[in-house]
Amino acid sequence: MALVAIVGRPNVGKSTFFNRLTRSHEAITHDQPGVTRDRVYGTAEWNGVRFSVVDTGGYVPNSSDIFEQAIREQVQIAIEEADAILFMVDVTTGVTDLDDALAELLRRTDKPVFVVANKADNDERTWEASTFYQLGLSEVYPISALSGRGTGELLDALVKRL
Ligand code: GDP
Ligand code: MG
């Protein structure tokens with residue numbers, strides 16, 4: 001089964017979207033040390049395509065100095081093990097320095113990377129999502145993980161690439 005990784009800095013809505021995707025399925029936590037433990041796996045299905053999803057970050061408390069490094073490591077693991085990557089960003093904050101740093105790593109992979117511009121809860125925020133094209137990753141999908149707005153278009157495109 002294909003594996004989809006959700007990566008991004010804290011608070012952009014990764015876990016909210018993971019929970020939406022895997023709602024009817026059970027999440028599995030792996031008892032492993034360090035950054036690999038900071039991952040939760042679940043199963044999702046869209047248009048009859050079943051796939052595994054991994055939510056990264058936020059399960060192991062990190063001291064602030066290793067925080068950014070831990071997020072970068074999660075991106076590296078995603079590039080190695082995932083079949084597709086959902087790079088989540090937040091339309092209410094726009095592009096941050098950490099987003100830029102993660103995008104730089106993600107531009108190096110040939111695997112499909114979808115920029116998921118979350119918290120696009122209304123039309124205005126949906127238009128603002130185009131600012132994320134400056135990350136240099138081709139596909140930007142505005143969604144609201146809370147309401148589900150825009151998620152159909154994203155998932156249609158995602159499962160075509162699995
Ligand atoms: P994570 O740290 O990336 O896993 O982010 P969380 O899923 O924990 O969400 C961080 C905060 O953003 C929470 O307060 C969520 O309720 C909120 N949030 C998540 N998705 C959305 C959304 O689509 N719209 C809005 N307005 N808030 C959201
Ligand atoms: Mg989280």
# chains A, B, ... in the order shown; residues from 1 in each chain; ligands from 1
>>> residues_near_ligand(ligand="ligand 2", cutoff="12 Å", atoms="only C-alpha atoms and all ligand atoms", output="list in words")
Ile6, Val7, Gly8, Arg9, Pro10, Asn11, Val12, Gly13, Lys14, Ser15, Thr16, Phe17, Phe18, Asn19, Asp38, Arg39, Val40, Val54, Asp55, Thr56, Gly57, Gly58, Tyr59, Val60, Pro61, Ile71 and Met88 of chain A
>>> select_by_dssp(residues="chain A", states="strand (DSSP E)", output="compact mmCIF listing (two decimals) with N, CA and C atoms, in the first residue's frame")
# COMPACT_ATOMS: atom_id res chain seq x y z
N LEU A 3 2.35 4.93 0.67
CA LEU A 3 2.46 5.72 1.91
C LEU A 3 2.51 7.21 1.56
N VAL A 4 1.65 7.98 2.23
CA VAL A 4 1.59 9.43 2.05
C VAL A 4 2.03 10.07 3.37
N ALA A 5 3.03 10.94 3.33
CA ALA A 5 3.51 11.61 4.54
C ALA A 5 2.98 13.04 4.59
N ILE A 6 2.55 13.44 5.77
CA ILE A 6 2.15 14.84 5.99
C ILE A 6 3.26 15.51 6.80
N VAL A 7 3.90 16.51 6.20
CA VAL A 7 4.99 17.21 6.88
C VAL A 7 4.69 18.71 6.91
N ILE A 28 -1.96 3.84 14.25
CA ILE A 28 -0.99 2.96 14.89
C ILE A 28 0.23 3.77 15.29
N THR A 29 0.60 3.69 16.55
CA THR A 29 1.84 4.34 16.96
C THR A 29 2.92 3.28 17.07
N ARG A 39 5.83 9.74 15.09
CA ARG A 39 5.08 9.54 13.85
C ARG A 39 3.88 8.66 14.15
N VAL A 40 2.75 8.97 13.57
CA VAL A 40 1.56 8.15 13.75
C VAL A 40 1.05 7.74 12.37
N TYR A 41 0.82 6.42 12.22
CA TYR A 41 0.37 5.89 10.94
C TYR A 41 -1.11 5.58 10.98
N GLY A 42 -1.77 5.80 9.86
CA GLY A 42 -3.17 5.45 9.73
C GLY A 42 -3.47 5.02 8.30
N THR A 43 -4.71 4.64 8.08
CA THR A 43 -5.12 4.22 6.74
C THR A 43 -6.26 5.12 6.27
N ALA A 44 -6.22 5.47 4.99
CA ALA A 44 -7.25 6.31 4.41
C ALA A 44 -7.71 5.69 3.10
N GLU A 45 -8.82 6.18 2.57
CA GLU A 45 -9.31 5.69 1.29
C GLU A 45 -10.00 6.84 0.56
N TRP A 46 -9.71 6.97 -0.73
CA TRP A 46 -10.37 7.99 -1.56
C TRP A 46 -10.58 7.44 -2.95
N VAL A 49 -9.27 4.09 -3.60
CA VAL A 49 -7.82 3.85 -3.44
C VAL A 49 -7.49 3.92 -1.95
N ARG A 50 -6.99 2.80 -1.42
CA ARG A 50 -6.56 2.79 -0.02
C ARG A 50 -5.08 3.15 0.06
N PHE A 51 -4.72 3.93 1.03
CA PHE A 51 -3.31 4.29 1.21
C PHE A 51 -3.03 4.52 2.69
N SER A 52 -1.76 4.37 3.06
CA SER A 52 -1.32 4.66 4.42
C SER A 52 -0.96 6.14 4.51
N VAL A 53 -1.18 6.70 5.69
CA VAL A 53 -0.84 8.10 5.93
C VAL A 53 0.00 8.16 7.19
N VAL A 54 1.04 8.99 7.17
CA VAL A 54 1.81 9.20 8.40
C VAL A 54 1.77 10.68 8.75
N ASP A 55 1.40 10.93 10.01
CA ASP A 55 1.40 12.28 10.57
C ASP A 55 2.69 12.42 11.36
N THR A 56 3.38 13.52 11.14
CA THR A 56 4.71 13.67 11.75
C THR A 56 4.73 14.85 12.72
N ALA A 84 4.34 9.76 -1.72
CA ALA A 84 3.92 11.13 -2.02
C ALA A 84 3.96 11.92 -0.71
N ILE A 85 4.18 13.22 -0.84
CA ILE A 85 4.36 14.07 0.34
C ILE A 85 3.36 15.21 0.30
N LEU A 86 2.65 15.38 1.40
CA LEU A 86 1.79 16.55 1.58
C LEU A 86 2.54 17.53 2.46
N PHE A 87 2.96 18.64 1.87
CA PHE A 87 3.71 19.67 2.60
C PHE A 87 2.70 20.73 3.01
N MET A 88 2.38 20.73 4.30
CA MET A 88 1.31 21.61 4.77
C MET A 88 1.86 22.95 5.25
N VAL A 89 1.17 24.02 4.80
CA VAL A 89 1.51 25.39 5.20
C VAL A 89 0.20 26.06 5.62
N ASP A 90 0.31 27.28 6.10
CA ASP A 90 -0.83 27.95 6.74
C ASP A 90 -1.10 29.29 6.04
N VAL A 113 5.15 16.07 -4.63
CA VAL A 113 5.00 16.91 -3.45
C VAL A 113 3.83 17.85 -3.70
N PHE A 114 2.85 17.83 -2.81
CA PHE A 114 1.69 18.70 -2.90
C PHE A 114 1.78 19.74 -1.79
N VAL A 115 1.77 21.01 -2.17
CA VAL A 115 1.72 22.06 -1.16
C VAL A 115 0.25 22.21 -0.75
N VAL A 116 -0.01 21.92 0.51
CA VAL A 116 -1.38 21.97 1.03
C VAL A 116 -1.51 23.24 1.87
N ALA A 117 -2.18 24.23 1.30
CA ALA A 117 -2.33 25.54 1.96
C ALA A 117 -3.58 25.48 2.84
N ASN A 118 -3.34 25.17 4.10
CA ASN A 118 -4.46 24.91 5.01
C ASN A 118 -5.00 26.19 5.65
N GLU A 139 2.56 22.22 -7.28
CA GLU A 139 1.11 22.14 -7.06
C GLU A 139 0.70 22.68 -5.69
N VAL A 140 -0.15 23.71 -5.67
CA VAL A 140 -0.65 24.29 -4.43
C VAL A 140 -2.16 24.04 -4.34
N TYR A 141 -2.59 23.42 -3.26
CA TYR A 141 -4.00 23.12 -3.04
C TYR A 141 -4.50 23.81 -1.78
N PRO A 142 -5.35 24.83 -1.91
CA PRO A 142 -5.95 25.44 -0.71
C PRO A 142 -7.00 24.51 -0.13
>>> closest_residue(among="A:Arg37, A:Arg20, A:Lys119, A:Arg161", to="A:Asp83", atoms="only C-alpha atoms")
A:Arg161
>>> atom_distance(atom1="atom 22 (C, counted along the ligand's line) of ligand 1", atom2="atom CA of A:Glu153")
16.1 Å
>>> select_by_dssp(residues="stretch 57-132 of chain A", states="alpha helix (DSSP H)", output="JSON, numbers by chain")
{"A": [64, 65, 66, 67, 68, 69, 70, 71, 72, 73, 74, 75, 76, 77, 78, 79, 80, 81, 97, 98, 99, 100, 101, 102, 103, 104, 105, 106, 123, 124, 125, 126, 127, 128]}
>>> closest_residue(among="A:Gly34, A:Gly94, A:Gly150, A:Gly48", to="ligand 1", atoms="only C-alpha atoms and all ligand atoms")
A:Gly150
>>> residues_around(residues="A:Thr131", least_positions_apart="3", cutoff="9 Å", atoms="only C-alpha atoms", output="PyMOL selection string")
chain A and resi 91+94-95+127-128+134-135
>>> write_last_selection(atoms="N, CA and C atoms", output="compact mmCIF listing (two decimals), in the first residue's frame")
# COMPACT_ATOMS: atom_id res chain seq x y z
N VAL A 91 -2.25 29.43 5.41
CA VAL A 91 -2.54 30.67 4.68
C VAL A 91 -2.68 31.87 5.62
N GLY A 94 1.10 32.93 5.92
CA GLY A 94 1.93 33.07 4.73
C GLY A 94 3.22 32.26 4.87
N VAL A 95 4.17 32.50 3.98
CA VAL A 95 5.42 31.75 3.96
C VAL A 95 6.32 32.20 5.12
N TRP A 127 -7.88 32.55 -2.20
CA TRP A 127 -7.11 33.32 -3.19
C TRP A 127 -5.70 33.59 -2.67
N GLU A 128 -5.59 33.85 -1.37
CA GLU A 128 -4.28 34.15 -0.78
C GLU A 128 -3.31 32.98 -0.88
N GLN A 134 5.48 30.73 -4.55
CA GLN A 134 6.86 31.22 -4.41
C GLN A 134 7.77 30.16 -3.79
N LEU A 135 7.21 29.09 -3.22
CA LEU A 135 8.05 28.02 -2.66
C LEU A 135 8.73 27.20 -3.76
>>> atom_distance(atom1="atom CA of A:Leu106", atom2="atom 22 (C, counted along the ligand's line) of ligand 1")
23.1 Å
>>> closest_residue(among="A:Tyr133, A:Ile143, A:Lys160, A:Leu155", to="ligand 1", atoms="only C-alpha atoms and all ligand atoms")
A:Ile143
>>> closest_residue(among="A:Pro112, A:Phe67, A:Arg23, A:Val75", to="A:Val159", atoms="only C-alpha atoms")
A:Pro112
